[in-house]
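Undergrad: My questions will all concern the structure given below.
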Amino acid sequence: MTRALLLCLSLLSGCATMIDEHQAPPPRWPSLEVRDNIVGIWEIQKRCYKHVNLGWKLLGGFAGGCAEINFADRTCNIYRAYDASEEWLAHEEAHCRGYSHVGETWAADALRAYEAYVAGQAVGRAAR
């Protein structure tokens, strides 16, 4: 019982997955201005809960912070609590540099979607 409780608490205490440092960021990943936003827990949930994976949500997990990329503005906004650890901040900064979690491809997918959007906008302008 105690071992199971400790396992659950350790899972709820931080990010559920690690950054995959063995997989390089996408080749065309832009340099982004990192903005560190220290906000309250409710603001973190408002901004970040949508990024929490389903398994984590089913375990009762919540967002402890996140990094949101805006390719058009070339910014990466990190949302975190004032007492977030240096490791947590480093994790979110890694997302700003284009790193995904182990087994995920969100960075490449996000960049590909943005590039497709920009290409579609260019085609639309050329067709006018």
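Chain labels A, B, ... are given in the sequence in which chains occur in the structure tokens; within each chain residues are numbered consecutively from 1, and ligands are likewise numbered from 1 in the order shown.
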With 12 Å as the cut-off and only C-alpha atoms counted, what is the closest atom pair between each nearby residue of segment 50-85 of chain A and segment 89-92 of chain A? Distances in Å to one decimal, ordered by chain and number, as CSV.
TA:
```
residue,atom,partner,partner_atom,distance
A:Gly64,CA,A:Glu92,CA,10.7
A:Gly65,CA,A:Glu92,CA,8.0
A:Cys66,CA,A:Glu92,CA,6.3
A:Ala67,CA,A:Glu92,CA,5.6
A:Glu68,CA,A:Glu92,CA,9.2
A:Ile69,CA,A:Glu92,CA,10.8
A:Cys76,CA,A:Glu92,CA,9.4
A:Asn77,CA,A:Glu92,CA,9.3
A:Ile78,CA,A:Glu92,CA,6.6
A:Tyr79,CA,A:Glu92,CA,8.8
A:Arg80,CA,A:Leu89,CA,7.9
A:Ala81,CA,A:Leu89,CA,10.0
A:Tyr82,CA,A:Leu89,CA,10.7
A:Asp83,CA,A:Leu89,CA,10.3
A:Ala84,CA,A:Leu89,CA,7.0
A:Ser85,CA,A:Leu89,CA,6.5
```
Undergrad: Write the selection just made, keeping N, CA and C atoms, as a short mmCIF file (atom, residue, chain, number, x, y, z; two decimals), in the first residue's frame?
TA:
```cif
data_model
loop_
_atom_site.label_atom_id
_atom_site.label_comp_id
_atom_site.auth_asym_id
_atom_site.auth_seq_id
_atom_site.Cartn_x
_atom_site.Cartn_y
_atom_site.Cartn_z
N GLY A 64 1.21 21.67 -14.27
CA GLY A 64 2.11 22.39 -13.39
C GLY A 64 2.78 23.55 -14.10
N GLY A 65 2.57 23.61 -15.40
CA GLY A 65 3.15 24.66 -16.22
C GLY A 65 3.20 24.17 -17.65
N CYS A 66 3.56 25.06 -18.55
CA CYS A 66 3.68 24.66 -19.95
C CYS A 66 4.43 25.72 -20.73
N ALA A 67 4.77 25.37 -21.94
CA ALA A 67 5.37 26.30 -22.89
C ALA A 67 4.45 26.36 -24.09
N GLU A 68 4.08 27.55 -24.49
CA GLU A 68 3.23 27.74 -25.67
C GLU A 68 4.02 28.50 -26.73
N ILE A 69 4.06 27.89 -27.91
CA ILE A 69 4.83 28.41 -29.04
C ILE A 69 3.94 29.27 -29.93
N CYS A 76 8.02 32.08 -27.36
CA CYS A 76 7.66 30.90 -26.59
C CYS A 76 7.35 31.39 -25.18
N ASN A 77 6.10 31.32 -24.79
CA ASN A 77 5.67 31.74 -23.47
C ASN A 77 5.63 30.55 -22.53
N ILE A 78 6.41 30.65 -21.47
CA ILE A 78 6.40 29.63 -20.43
C ILE A 78 5.50 30.15 -19.31
N TYR A 79 4.58 29.30 -18.89
CA TYR A 79 3.69 29.63 -17.77
C TYR A 79 4.02 28.68 -16.64
N ARG A 80 4.37 29.26 -15.47
CA ARG A 80 4.77 28.43 -14.34
C ARG A 80 4.48 29.16 -13.03
N ALA A 81 4.48 28.39 -11.96
CA ALA A 81 4.28 28.95 -10.63
C ALA A 81 5.59 29.58 -10.15
N TYR A 82 5.48 30.49 -9.21
CA TYR A 82 6.66 31.19 -8.70
C TYR A 82 7.66 30.24 -8.05
N ASP A 83 7.17 29.11 -7.53
CA ASP A 83 8.06 28.18 -6.85
C ASP A 83 8.44 26.97 -7.69
N ALA A 84 8.27 27.07 -9.01
CA ALA A 84 8.65 25.96 -9.89
C ALA A 84 10.16 25.76 -9.80
N SER A 85 10.57 24.53 -9.87
CA SER A 85 12.00 24.20 -9.75
C SER A 85 12.77 24.62 -11.00
#
```
Undergrad: Might you pull out every residue within 12 Å of Phe71 of chain A, with only C-alpha atoms counted and same-chain residues fewer than 2 positions away left off, and present them as a ChimeraX atom specification?
TA: /A:28-34,68-69,73-77,96-98,107,110-115,117-118
Undergrad: In Å, rounded to a single decimal, give me how far atom CA of Thr105 of chain A is from atom CA of Arg47 of chain A.
TA: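 Straight-line distance from atom CA of Arg47 of chain A to atom CA of Thr105 of chain A works out to 20.7 Å.
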Undergrad: Could you jot down the atom CA of Val39 of chain A to atom CA of Asp109 of chain A separation for me, Å, one decimal place?
TA: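 Spanning atom CA of Val39 of chain A to atom CA of Asp109 of chain A is a straight-line distance of 27.6 Å.
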Undergrad: Tell me, in Å to one decimal, how far atom CA of Pro25 of chain A is from atom CA of Ser100 of chain A.
TA: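 About the pair atom CA of Pro25 of chain A and atom CA of Ser100 of chain A: they are 7.7 Å apart.
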Undergrad: Go through segment 4-125 of chain A and collect every residue that DSSP, computed from the backbone, puts in strand (DSSP E or B); the answer should be as a VMD selection string.
TA: chain A and resid 19 33 to 38 65 to 70 75 to 80 101
Undergrad: For the residues in that selection, give me N, CA and C atoms as an mmCIF file, in the first residue's frame.
TA:
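That gives us again.cif:
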```cif
data_model
loop_
_atom_site.group_PDB
_atom_site.id
_atom_site.type_symbol
_atom_site.label_atom_id
_atom_site.label_comp_id
_atom_site.auth_asym_id
_atom_site.auth_seq_id
_atom_site.Cartn_x
_atom_site.Cartn_y
_atom_site.Cartn_z
ATOM 1 N N ILE A 19 11.938 14.906 -21.428
ATOM 2 C CA ILE A 19 12.335 15.434 -22.726
ATOM 3 C C ILE A 19 13.210 14.405 -23.417
ATOM 4 N N GLU A 33 11.999 33.857 -28.934
ATOM 5 C CA GLU A 33 12.197 34.640 -27.715
ATOM 6 C C GLU A 33 11.425 33.939 -26.599
ATOM 7 N N VAL A 34 12.121 33.566 -25.542
ATOM 8 C CA VAL A 34 11.490 32.872 -24.423
ATOM 9 C C VAL A 34 11.009 33.912 -23.411
ATOM 10 N N ARG A 35 9.732 33.808 -23.067
ATOM 11 C CA ARG A 35 9.130 34.695 -22.076
ATOM 12 C C ARG A 35 8.682 33.845 -20.892
ATOM 13 N N ASP A 36 9.248 34.128 -19.742
ATOM 14 C CA ASP A 36 8.958 33.380 -18.521
ATOM 15 C C ASP A 36 7.862 34.108 -17.762
ATOM 16 N N ASN A 37 6.665 33.523 -17.728
ATOM 17 C CA ASN A 37 5.514 34.126 -17.065
ATOM 18 C C ASN A 37 5.225 33.382 -15.766
ATOM 19 N N ILE A 38 5.405 34.061 -14.648
ATOM 20 C CA ILE A 38 5.108 33.465 -13.347
ATOM 21 C C ILE A 38 3.683 33.858 -13.003
ATOM 22 N N GLY A 65 2.570 23.611 -15.396
ATOM 23 C CA GLY A 65 3.154 24.655 -16.224
ATOM 24 C C GLY A 65 3.204 24.173 -17.649
ATOM 25 N N CYS A 66 3.565 25.060 -18.552
ATOM 26 C CA CYS A 66 3.675 24.663 -19.948
ATOM 27 C C CYS A 66 4.433 25.723 -20.728
ATOM 28 N N ALA A 67 4.770 25.371 -21.941
ATOM 29 C CA ALA A 67 5.375 26.297 -22.888
ATOM 30 C C ALA A 67 4.446 26.359 -24.095
ATOM 31 N N GLU A 68 4.076 27.554 -24.495
ATOM 32 C CA GLU A 68 3.226 27.738 -25.669
ATOM 33 C C GLU A 68 4.015 28.498 -26.734
ATOM 34 N N ILE A 69 4.060 27.894 -27.913
ATOM 35 C CA ILE A 69 4.831 28.408 -29.036
ATOM 36 C C ILE A 69 3.943 29.273 -29.928
ATOM 37 N N ASN A 70 4.469 30.415 -30.347
ATOM 38 C CA ASN A 70 3.805 31.242 -31.350
ATOM 39 C C ASN A 70 4.828 31.488 -32.447
ATOM 40 N N THR A 75 7.811 33.646 -30.596
ATOM 41 C CA THR A 75 7.894 33.661 -29.135
ATOM 42 C C THR A 75 7.533 32.295 -28.562
ATOM 43 N N CYS A 76 8.016 32.076 -27.362
ATOM 44 C CA CYS A 76 7.660 30.899 -26.585
ATOM 45 C C CYS A 76 7.352 31.390 -25.182
ATOM 46 N N ASN A 77 6.097 31.317 -24.795
ATOM 47 C CA ASN A 77 5.666 31.742 -23.470
ATOM 48 C C ASN A 77 5.630 30.550 -22.533
ATOM 49 N N ILE A 78 6.411 30.648 -21.471
ATOM 50 C CA ILE A 78 6.398 29.633 -20.426
ATOM 51 C C ILE A 78 5.496 30.151 -19.313
ATOM 52 N N TYR A 79 4.578 29.302 -18.889
ATOM 53 C CA TYR A 79 3.689 29.631 -17.770
ATOM 54 C C TYR A 79 4.024 28.675 -16.636
ATOM 55 N N ARG A 80 4.373 29.256 -15.474
ATOM 56 C CA ARG A 80 4.773 28.432 -14.336
ATOM 57 C C ARG A 80 4.475 29.157 -13.034
ATOM 58 N N HIS A 101 8.607 15.390 -25.811
ATOM 59 C CA HIS A 101 8.734 14.336 -24.804
ATOM 60 C C HIS A 101 9.138 13.042 -25.495
#
```
Undergrad: Please, which residues of segment 36-110 of chain A, numbered as in this document, come out alpha helix (DSSP H) from DSSP, as a ChimeraX atom specification?
TA: /A:41-48,54-58,86-96,106-110
